[in-house]
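Below is one structure, written out as structure tokens, with a few remarks after it.
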Amino acid sequence: MTFDIRPRIRRAFRLSLRRPDMSEREIEEELRTHVALRVSQLIERGLTPADAERQALARFGGSWEDVLSRLSAAGHVRDGRLQARERIDAVWGDLRYAMRTLSRQPAFAVVVVLTFALGIGANASMFGVIDRLLLRPPPHVAAPGELLEVNRVATQPGISQMLVNMQYPLYTRLRADTAAFREVAASSFIVGLTLGSGAGAEQVLGVFVNSDYFRTLGTRPALGRLFGSQEDGDVPSSDVVVLSHGFWQRRFAGDPSILGKPLRVGPRSLTVVGVAPESFSGVDPRRVDMWIPINQAAVYHLALEQFPTHWGSVWVRIHVRLKPGLSASEAAARATTIYRSGFSQWAGAATGKAGGPGGDRLALRSILPAEQLADNPEAKLARLLFAVAAVVLVIACANVASLALARGAERRREIAVRLALGVSRWRLFRMLVAEMMVLAICGGAIAIVVAQWGISLLQRTLLNDFAWTESVLDPRVLVVTLGLVLLTIVLAGLAPALRASRPDVVDALKTGGREGGVALSRVRSALMIAQAALSVVLIVGASLFVQSLKEAASVRLGYETSRVLSATMDVESYGYSIPARGALYADMRERAIAVPGVADAAISSTHPLLGWRFGVRVSVPGRDSLPRSPVGGPFYNAVGAGYFSTLGLRLVEGRPLTSADVSAESRVAVVSEAMARAYWPGERAVDRCIVLRGDSVCTTVVGVAADAKERLQATDAPFLVYVPLGSRWNAGANTLLVRSRAADGAPLVEPVRRAMQGLAPDLPYADVQSLADLLAPEIRPWRTAATLFSLFGALALVIAAGGLYSAISYSVTQRRHEYGVRTALGARVSDIVRQVMDQGVRAALIGLALGSVIAFVAGRFVETLLFQTSPRSPSAFAVAAALIVIVALVATFVPAWRASRVDPVAALRGD
Amino acid sequence: MRQQALSLVKGTLDLLILRALAWQPMHGFEISSWLEERSSGALDVDDSALYQGLYRLEGRELIAAEWGITENGRRARYYKVTSRGKAHLKQETATWVRYTETVTGILTGPQEA
């Protein structure tokens with residue numbers, strides 16, 4: 001018996017276990033041997049050759065052809081089974097072999113797995129957020145592609161604005177046009193809705209919806225019923241409420257007996273009739289707690305009393321489904337006609353003269369999130385961060401590829417031996433890819449944990465007012481993670497495997513490993529440069545956003561924000577008259593001042609940040625025309641004693657309004673700086689006479705207050721007149737401002753709230769927040785971008801530094817011999833250090849140049865997301881340059897130092 | 001009385017082939033001769049069934065085959081038991097013995113009145 005190479009040896013060296021298809025020819029040969037041996041046996045026993053042959057064939061039980069075809073079939077079955085098993089064995093064998101090889105170099109394996117875990121995890125996290133925000137249609141909305149939102153395009157010379165809020169009567173008229181609009185939904189977010197009353201009151205997020213709302217969206221209830229024809233009409237008769245699934249779970253622990261129970265919402269008691277399906281939040285992804293029939297609107301907002309016929313206030317969003325066969329543009333044209341005629345009729349009747357909506361026209365837009373959020377800055381930011389995460393993954397892959405290339409060079413000799421033994425290149429390639437597969441799969445598994453953490457972090461910080469589903473990890477994220485794993489295998493594994501599986505066999509066997517990679521290979525240098533360049537781009541981005549955040553946080557609003565709390569209570573809808581409201585706020589002020597830690601408190605009719613405005617006519621005796629502010633006005637704010645000191649608003653001239661002014665309702669006023677400067681440029685404003693609301697007497701200006709900004713990005717300040725709070729001003733008391741003794745007012749929020757809430761048993765929710773917290777959502781985009789960009793930038797830098805370090809150390813190890821010789825020949829430490837560091841630092845500098853160019857060009861994409869920061873800010877580029885140079889120096893110095901310490905004797909003796 | 005050749009109980013052929021190959025690697029004709037010899041001609045093994053059994057066992061990786069040269073210079077396919085085959089043989093032999101003992105016990109035991 002002879003065998004070429006024994007199966008065990010073949011196995012040991014990963015040679016192919018050749019189990020050839022036993023062709024029919026081979027089966028025939030086997031059987032012929034058998035017959036021949038049988039014939040000679042029978043002849044030996046005394047049979048004639050002819051009889052022997054006949055009997056030998058007879059023992060097969062059939063004709064020769066018959067036997068042959070039967071046994072060929074059996075042979076085919078066997079071959080099929082063996083091949084299938086061999087294929088499985090081969091894959092499993094590759095993986096097992098890969099694991100064994102990797103376990104011999106645990107440091108390499110751990111570094112690669114962690115690199116993958118971070119890279120893939122960051123991407124899966126960003127995908128989880130982007131998916132819900134931009135890619136997925138709203139859940140539980142049937143045929144979302146057919147649902148259209150009615151928008152108003154307001155055109156003024158030079159500006160075209162898309163407005164989403166519409167008039168209620170427009171909704172009524174569109175609904176009446178049944179020839180064009182199959183279904184019409186109207187909805188409106190409710191501001192400051194109170195659940196419960198007195199001490200247990202809390203604020204909830206509600207939406208007014210029409211009776212057809214749920215039917216138009218095609219949503220089915222999770223429990224009970226949704227709104228229907230019972231809730232039709234404009235009369236506030238439907239005292240019912242539908243709860244969101246999340247709110248039902250959170251507040252009532254999913255108790256089904258909630259149906260039919262009363263719920264105190266604002267001033268009314270509403271009956272719970274149903275629960276919406278899980279994660280349904282309407283068309284928007286914003287969190288909703290409950291839906292209330294829109295005919296209740298006037299109950300909750302006195303300002304909406306005339307709402308069924310009032311074209312003057314825009315507060316509803318309208319969604320429609322069209323009749324089949326009607327195009328969106330035809331329907332939009334029809335809607336525009338309806339809008340213009342309705343508005344003109346009302347304007348004519350209301351003011352006695354014809355007036356209209358001017359050039360406004362209506363447009364119908366798809367509700368699909370990708371189209372809706374196309375120009376939402378938060379969505380833009382999320383997309384940008386997704387791109388950034390992708391860059392981090394590319395850097396990670398480059399790093400792993402570089403490491404794998406180094407390993408490939410180290411294993412040249414081993415691979416050459418295998419090739420010489422006849423292992424096919426394809427098989428070798430498979431073995432090398434299998435290693436990357438094991439690493440990527442391990443990395444992917446950890447990445448899922450990273451993503452779970454990352455997504456919930458992003459949901460809590462970046463987008464906490466969105467309706468997220470309870471489970472953080474959904475199948476789509478898992479599928480994407482798997483896709484990313486495959487992508488990393490391709491990006492990081494293919495090139496090194498291809499390269500390693502075709503070394504020059506003879507060369508490698510002859511010279512051995514030592515001269516395997518004399519200098520850094522060109523590919524590795526290119527990877528290092530690319531990593532450095534991408535890191536520079538990310539760091540520039542991070543610095544730009546950090547700078548924006550700093551700018552945004554240091555904007556001078558003119559008053560203090562963290563020390564001052566504002567307290568508002570929506571008592572209007574509870575039927576409080578203006579005098580009653582004044583008395584209530586006066587009581588609340590006394591209570592608040594009694595709270596330990598409170599320095600002072602003051603009442604005003606507007607709010608420094610919420611944009612409430614009350615206009616007032618101002619004239620100056622002896623002047624025909626007065627300058628106007630580009631942002632409107634003049635407005636007035638009726639304030640109580642201590643207003644300026646409570647808010648920390650500086651008086652640039654004169655004196656503030658005193659308690660004597662307030663109690664006497666004196667005809668005195670403080671004007672804003674912008675107004676004073678415009679009215680009396682270069683002159684004193686104090687003691688001037690202004691006439692308010694066409695009064696017959698003067699109101700004396702007693703002081704000028706610094707301009708108070710409402711928005712971070714506000715450029716011009718409105719003209720503002722502060723007057724003593726009193727019966728002459730029907731804006732009444734609306735806000736209580738509380739000043740804390742400590743610099744941070746946040747600890748006072750709850751005590752002040754309790755003090756106010758305890759005043760009467762049936763008060764609505766007292767909304768107490770520090771001005772800094774109210775401002776936080778405005779700063780949030782920059783805070784998020786700065787945080788995540790810095791995080792990703794740091795990650796990229798660490799990964800790139802690791803790559804640089806390992807590349808240089810590897811090259812040092814390879815050239816130990818050379819450094820030994822040099823040292824022996826008298827090279828100085830500094831020469832060797834400089835020579836080694838030169839390679840890495842040069843790559844970093846080329847990368848810096850390249851990355852700066854990319855960042856410079858890419859800057860315009862982030863320009864709109866920055867706050868008072870130029871995307872070409874030199875300091876951002878300087879930061880990136882400094883960081884990259886420092887990191888390159890540190891990462892290359894360690895291996896360089898080691899190279900200079902090579903013991904010449906050991907190095908020369910070695911090998 | 002001349003004993004009639006026994007036809008094989010289903011499934012026993014595989015076991016017998018494994019037993020034969022446990023002795024030493026053999027080609028098909030050698031297995032056939034070995035079985036005849038061991039049973040003193042009492043077992044009637046159809047040659048076609050033998051090869052089908054061999055291919056079946058090979059497909060299950062209980063035996064492995066390789067081409068070799070016989071003593072008188074012919075090319076023949078040699079079969080040997082794999083380690084999986086050995087384990088299988090051991091286990092199946094034990095089952096077979098227990099089974100036949102039980103059946104024999106019932107068949108030849110004292111008859112009840």
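By convention in this document, the chains of the structure tokens carry letters A, B, ... by their order, each chain's residues are numbered from 1, and ligands are numbered from 1 in the order they are shown.
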
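The residue set within 12 Å of Asp177 (chain A), counting only C-alpha atoms and dropping same-chain residues fewer than 4 places from it, reads Leu170, Tyr171, Thr172, Arg173, Phe181, Arg182, Glu183, Val184, Val320, Leu322, Lys323, Ala331, Arg334, Ala335, Thr337, Ile338 and Tyr339 of chain A.
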
message: Quick check: residues of chain A within 9 Å of chain B, only C-alpha atoms, returned as number ranges by chain.
response: A: 1-3, 19, 29-31, 33-35, 37-38, 59-62, 67, 70-71, 74-75, 77-82

message: For the strand (DSSP E or B) assignment from backbone DSSP, which residues of chain B qualify? Please present them as a list in words.
response: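 In chain B, DSSP puts these residues in strand (DSSP E or B): Leu6, Met26, His27, Leu43, Ile63, Ala64, Ala65, Glu66, Trp67, Gly68, Ile69, Arg75, Ala76, Arg77, Tyr78, Tyr79, Lys80 and Val81 of chain B.
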
task: In Å, rounded to a single decimal, give me how far CA of Ile318 (chain A) is from CA of Val153 (chain A).
output: 14.1 Å

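Once region 387-401 of chain A and its same-chain neighbours fewer than 4 positions away are set aside, A:Val112, A:Thr115, A:Phe116, A:Gly119, A:Ile120, A:Ala122, A:Asn123, A:Arg383, A:Leu405, A:Thr488, A:Leu491, A:Ala492, A:Gly493, A:Pro496, A:Leu527, A:Gln531, A:Phe792, A:Ala796, A:Ile799, A:Ala800, A:Gly803 remain within 7 Å of it when counting only C-alpha atoms.
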
message: For Ala22 (chain B), find every residue with an atom within 8 Å (counting only C-alpha atoms), except residues of its own chain fewer than 2 positions away, and show them as number ranges by chain.
response: B: 18-20, 24-25, 80-81, 86

field: helix (DSSP H, G or I) positions in region 463-690 of chain A, given as a count of residues only
entry: 103

statement: One decimal place gives the CA of Ile886 (chain A)-CA of Val841 (chain A) separation as 9.6 Å

task: For Ser659 (chain A), work out the shell of residues within 10 Å, counting only C-alpha atoms and skipping chain neighbours fewer than 3 positions away, then give it as a PyMOL selection string.
output: chain A and resi 640-643+656+662-665+724-725

Just C-alpha atoms for this one: save the residues we selected as a PDB file, in the first residue's frame.
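Result file out-v3.pdb:
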```pdb
ATOM      1  CA  GLY A 640     -43.630  94.595  40.049  1.00  0.00           C
ATOM      2  CA  ALA A 641     -41.161  95.952  42.563  1.00  0.00           C
ATOM      3  CA  GLY A 642     -37.684  94.485  42.549  1.00  0.00           C
ATOM      4  CA  TYR A 643     -37.903  93.278  38.939  1.00  0.00           C
ATOM      5  CA  PRO A 656     -35.411 101.277  38.514  1.00  0.00           C
ATOM      6  CA  VAL A 662     -46.002 100.216  41.725  1.00  0.00           C
ATOM      7  CA  SER A 663     -48.364 100.833  44.611  1.00  0.00           C
ATOM      8  CA  ALA A 664     -49.110 104.372  43.407  1.00  0.00           C
ATOM      9  CA  GLU A 665     -49.303 103.242  39.767  1.00  0.00           C
ATOM     10  CA  PRO A 724     -45.407  99.631  36.980  1.00  0.00           C
ATOM     11  CA  LEU A 725     -47.687  96.594  37.223  1.00  0.00           C
TER      12      LEU A 725
END
```

task: Have a look at CA of Gly454 (chain A) and CA of Gly802 (chain A) and let me know their distance in Å, one decimal.
output: 23.1 Å

- request: Considering only C-alpha atoms, return as a ChimeraX atom specification whatever protein or nucleic-acid residues lie within 12 Å of region 818-835 of chain A, sequence-local ones (same chain, fewer than 2 positions apart) excluded.
  value: /A:514-515,518-519,808,811-816,837-842,889,892-910

Region 774-785 of chain A surroundings by only C-alpha atoms, 10 Å radius, close-in-sequence under 2 positions cut, as a ChimeraX atom specification: /A:377-378,381-382,384-385,458,461-463,541-542,544-553,561-562,565-566,609-610,710-713,768-772,787-791,865-867
